[in-house]
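Right, one structure below, let's go through it.
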Amino acid sequence: MKMTEDDICRARKEFFNKHAEGWCDMWYRDNATGRYDKHKRDFDRLFSILPLKAGDHVLDVGCGTGVLVPLILERITEAGVLYELDFAEKMIEVNRKTHKAGNVRFIIADAEGAPLDDSACDAVICFSCFPHFQDKERAMATLSRILKPQGVFAVSHFESSEGINRHHESCHAVRHDRLPDEAAMRGLFRSVNLKIDLFIDEPGFYCIIARR
């Protein structure tokens, strides 16, 4: 029987809630060393091209258990504010237990319904989450509204679009979740008046950097 959109949403949320406790072990732990630095080189590359500064307000969309939190806080310092947003409540629960900084705000919501004011953030980061947005057009409209004039919008994965889509096809819960091709992504950004400065889609690294 064909799955409805509600079925797809429910399966997706159940998947992420089920794996929340072990998420960092699953994807970011180097089994050879036991340290959570498996993707250090990739994170260094991402943050070398993602302009963040002290005092910035940043929305970390689809934040999961907060793998980006220390990296963002290091750059925005105590003067900034970090919004950690995820639709899976268990992800936020683990994130909140792990990260105690006073300038982190935790929000349970999907990207399409992110409850922040217009022009609230200097940067919106969608790391390893864009394919999971149920309504990508609505998500882009909401997230671009939250971005300040001249603000930075980033979409990134540590795999190519082809690799991401192939991986998702292998997992029943997220097999419908696709990263659109370059033409479609450029169209989504144009539709909300975001200008793409950088588009990288190569084995092991995907990144779009755009400005309002």
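As shown in the structure tokens, the chain order sets the letters A, B, ...; within each chain, residues go from 1, and ligands are also counted from 1 in the order they appear.
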Non-local contacts of Asp37 (chain A) (7 Å; only C-alpha atoms; under 5 positions in same chain excluded) as a PDB file with C-alpha atoms, in the first residue's frame:
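Written output follows (result-v2.pdb):
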ATOM      1  CA  TYR A  28      30.715  11.156  14.153  1.00  0.00           C
ATOM      2  CA  ARG A  29      32.760   8.803  16.341  1.00  0.00           C
ATOM      3  CA  ASP A  30      36.080   7.573  14.973  1.00  0.00           C
TER       4      ASP A  30
END
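Comparing A:Ser161, A:Val94, A:Ile72, A:Ala11 by their smallest distance to Leu50 (chain A), the closest is A:Ile72 (using only C-alpha atoms).
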Do a neighbour search on region 129-141 of chain A at 8 Å with only C-alpha atoms, toss out local chain neighbours closer than 4 positions, and write the hits as a ChimeraX atom specification.
/A:9,12,61-62,110-113,145,155,174,177-180,188-189,192
Per DSSP on the backbone, what are the strand (DSSP E) residues of region 9-193 of chain A, as a ChimeraX atom specification?
/A:57-61,81-86,104-108,121-127,147-157
Output for the residues just chosen: N, CA and C atoms as a compact mmCIF listing (two decimals), in the first residue's frame:
# COMPACT_ATOMS: atom_id res chain seq x y z
N HIS A 57 23.51 35.83 15.56
CA HIS A 57 22.40 34.97 15.92
C HIS A 57 22.27 33.93 14.81
N VAL A 58 22.31 32.66 15.18
CA VAL A 58 22.39 31.57 14.21
C VAL A 58 21.28 30.56 14.45
N LEU A 59 20.62 30.15 13.37
CA LEU A 59 19.63 29.08 13.43
C LEU A 59 20.24 27.82 12.85
N ASP A 60 20.36 26.78 13.67
CA ASP A 60 20.87 25.47 13.27
C ASP A 60 19.67 24.57 13.03
N VAL A 61 19.29 24.45 11.76
CA VAL A 61 18.06 23.73 11.38
C VAL A 61 18.34 22.23 11.32
N VAL A 81 23.76 34.26 19.86
CA VAL A 81 22.67 33.37 20.27
C VAL A 81 22.56 32.26 19.23
N LEU A 82 22.43 31.04 19.72
CA LEU A 82 22.28 29.88 18.84
C LEU A 82 20.93 29.24 19.07
N TYR A 83 20.14 29.12 18.01
CA TYR A 83 18.85 28.43 18.06
C TYR A 83 19.02 27.02 17.49
N GLU A 84 18.77 26.03 18.32
CA GLU A 84 18.84 24.62 17.92
C GLU A 84 17.43 24.12 17.66
N LEU A 85 17.14 23.82 16.39
CA LEU A 85 15.77 23.46 16.00
C LEU A 85 15.75 22.08 15.37
N ASP A 86 14.84 21.24 15.87
CA ASP A 86 14.64 19.92 15.28
C ASP A 86 13.21 19.48 15.52
N VAL A 104 22.19 29.19 24.22
CA VAL A 104 21.59 28.22 23.29
C VAL A 104 20.11 28.10 23.61
N ARG A 105 19.28 28.22 22.57
CA ARG A 105 17.83 28.09 22.72
C ARG A 105 17.38 26.85 21.95
N PHE A 106 16.58 26.01 22.59
CA PHE A 106 16.14 24.75 21.98
C PHE A 106 14.69 24.86 21.53
N ILE A 107 14.42 24.44 20.30
CA ILE A 107 13.09 24.57 19.71
C ILE A 107 12.70 23.25 19.05
N ILE A 108 11.54 22.73 19.42
CA ILE A 108 11.00 21.53 18.76
C ILE A 108 9.99 22.00 17.72
N CYS A 121 17.88 36.21 12.38
CA CYS A 121 19.17 35.53 12.39
C CYS A 121 20.13 36.05 11.32
N ASP A 122 21.40 36.08 11.70
CA ASP A 122 22.46 36.45 10.77
C ASP A 122 22.83 35.28 9.86
N ALA A 123 22.56 34.07 10.32
CA ALA A 123 22.89 32.88 9.53
C ALA A 123 21.88 31.78 9.80
N VAL A 124 21.53 31.07 8.74
CA VAL A 124 20.69 29.87 8.83
C VAL A 124 21.50 28.73 8.23
N ILE A 125 21.69 27.68 9.02
CA ILE A 125 22.51 26.54 8.59
C ILE A 125 21.64 25.30 8.54
N CYS A 126 21.60 24.66 7.38
CA CYS A 126 20.91 23.38 7.21
C CYS A 126 21.98 22.32 6.96
N PHE A 127 22.46 21.73 8.03
CA PHE A 127 23.51 20.72 7.91
C PHE A 127 22.90 19.32 7.98
N LEU A 147 15.93 35.05 7.99
CA LEU A 147 17.28 35.55 7.72
C LEU A 147 17.29 37.07 7.59
N LYS A 148 18.29 37.71 8.20
CA LYS A 148 18.46 39.16 8.10
C LYS A 148 18.92 39.54 6.69
N PRO A 149 18.70 40.80 6.28
CA PRO A 149 19.31 41.29 5.04
C PRO A 149 20.82 41.10 5.10
N GLN A 150 21.38 40.61 4.02
CA GLN A 150 22.81 40.27 3.93
C GLN A 150 23.19 39.04 4.75
N GLY A 151 22.20 38.38 5.35
CA GLY A 151 22.49 37.18 6.11
C GLY A 151 22.91 36.02 5.22
N VAL A 152 23.50 35.00 5.85
CA VAL A 152 24.06 33.85 5.12
C VAL A 152 23.18 32.62 5.33
N PHE A 153 22.91 31.94 4.24
CA PHE A 153 22.11 30.71 4.25
C PHE A 153 23.00 29.59 3.72
N ALA A 154 23.14 28.51 4.51
CA ALA A 154 24.02 27.40 4.11
C ALA A 154 23.27 26.08 4.13
N VAL A 155 23.53 25.27 3.11
CA VAL A 155 23.07 23.88 3.07
C VAL A 155 24.30 23.02 2.86
N SER A 156 24.51 22.03 3.74
CA SER A 156 25.74 21.24 3.61
C SER A 156 25.52 19.79 4.01
N HIS A 157 26.30 18.92 3.37
CA HIS A 157 26.37 17.49 3.68
C HIS A 157 27.82 17.06 3.49
If we count only C-alpha atoms, what is near Lys38 (chain A) at a cut-off of 12 Å, once residues fewer than 5 positions away on the same chain are taken out, given as a ChimeraX atom specification?
/A:24-33,43-44,67,158
Between CA of Ala20 (chain A) and CA of Val69 (chain A) lies a distance of 15.8 Å
What does the distance from CA of Ser48 (chain A) to CA of Gly102 (chain A) come to in Å, to one decimal?
25.4 Å
Within 12 Å of Lys2 (chain A), counting only C-alpha atoms, which residues qualify if same-chain residues fewer than 5 places away don't, as a JSON list (two decimals) with C-alpha atoms, in the first residue's frame?
[["chain", "number", "residue", "atom", "x", "y", "z"],
["A", 7, "ASP", "CA", 2.80, 8.07, 7.01],
["A", 8, "ILE", "CA", 6.10, 9.34, 5.61],
["A", 176, "HIS", "CA", 11.50, 9.24, 0.11]]
Which one is closest to Gly66 (chain A): A:Lys13, A:His99, A:Lys40, A:Thr142? Count only C-alpha atoms.
A:His99
Counting only C-alpha atoms, the option among A:Ala210, A:Glu159, A:Asn17, A:Met185 closest to Asp197 (chain A)
A:Ala210
Give me, as a tab-separated table, the closest atom pair and its distance (Å, one decimal) for every residue of region 14-129 of chain A within a cut-off of 12 Å of region 198-202 of chain A, counting only C-alpha atoms, rows sorted by chain and rising number.
residue	atom	partner	partner_atom	distance
A:Arg45	CA	A:Ile200	CA	11.8
A:Leu46	CA	A:Ile200	CA	10.9
A:Ile49	CA	A:Leu198	CA	9.1
A:Leu50	CA	A:Leu198	CA	10.5
Could you write out the selected residues, including C-alpha atoms, as a PDB file, in the first residue's frame?
ATOM      1  CA  ARG A  45      36.402  22.998   5.519  1.00  0.00           C
ATOM      2  CA  LEU A  46      32.754  23.895   6.120  1.00  0.00           C
ATOM      3  CA  ILE A  49      33.727  29.039   4.084  1.00  0.00           C
ATOM      4  CA  LEU A  50      30.851  29.783   6.482  1.00  0.00           C
TER       5      LEU A  50
END
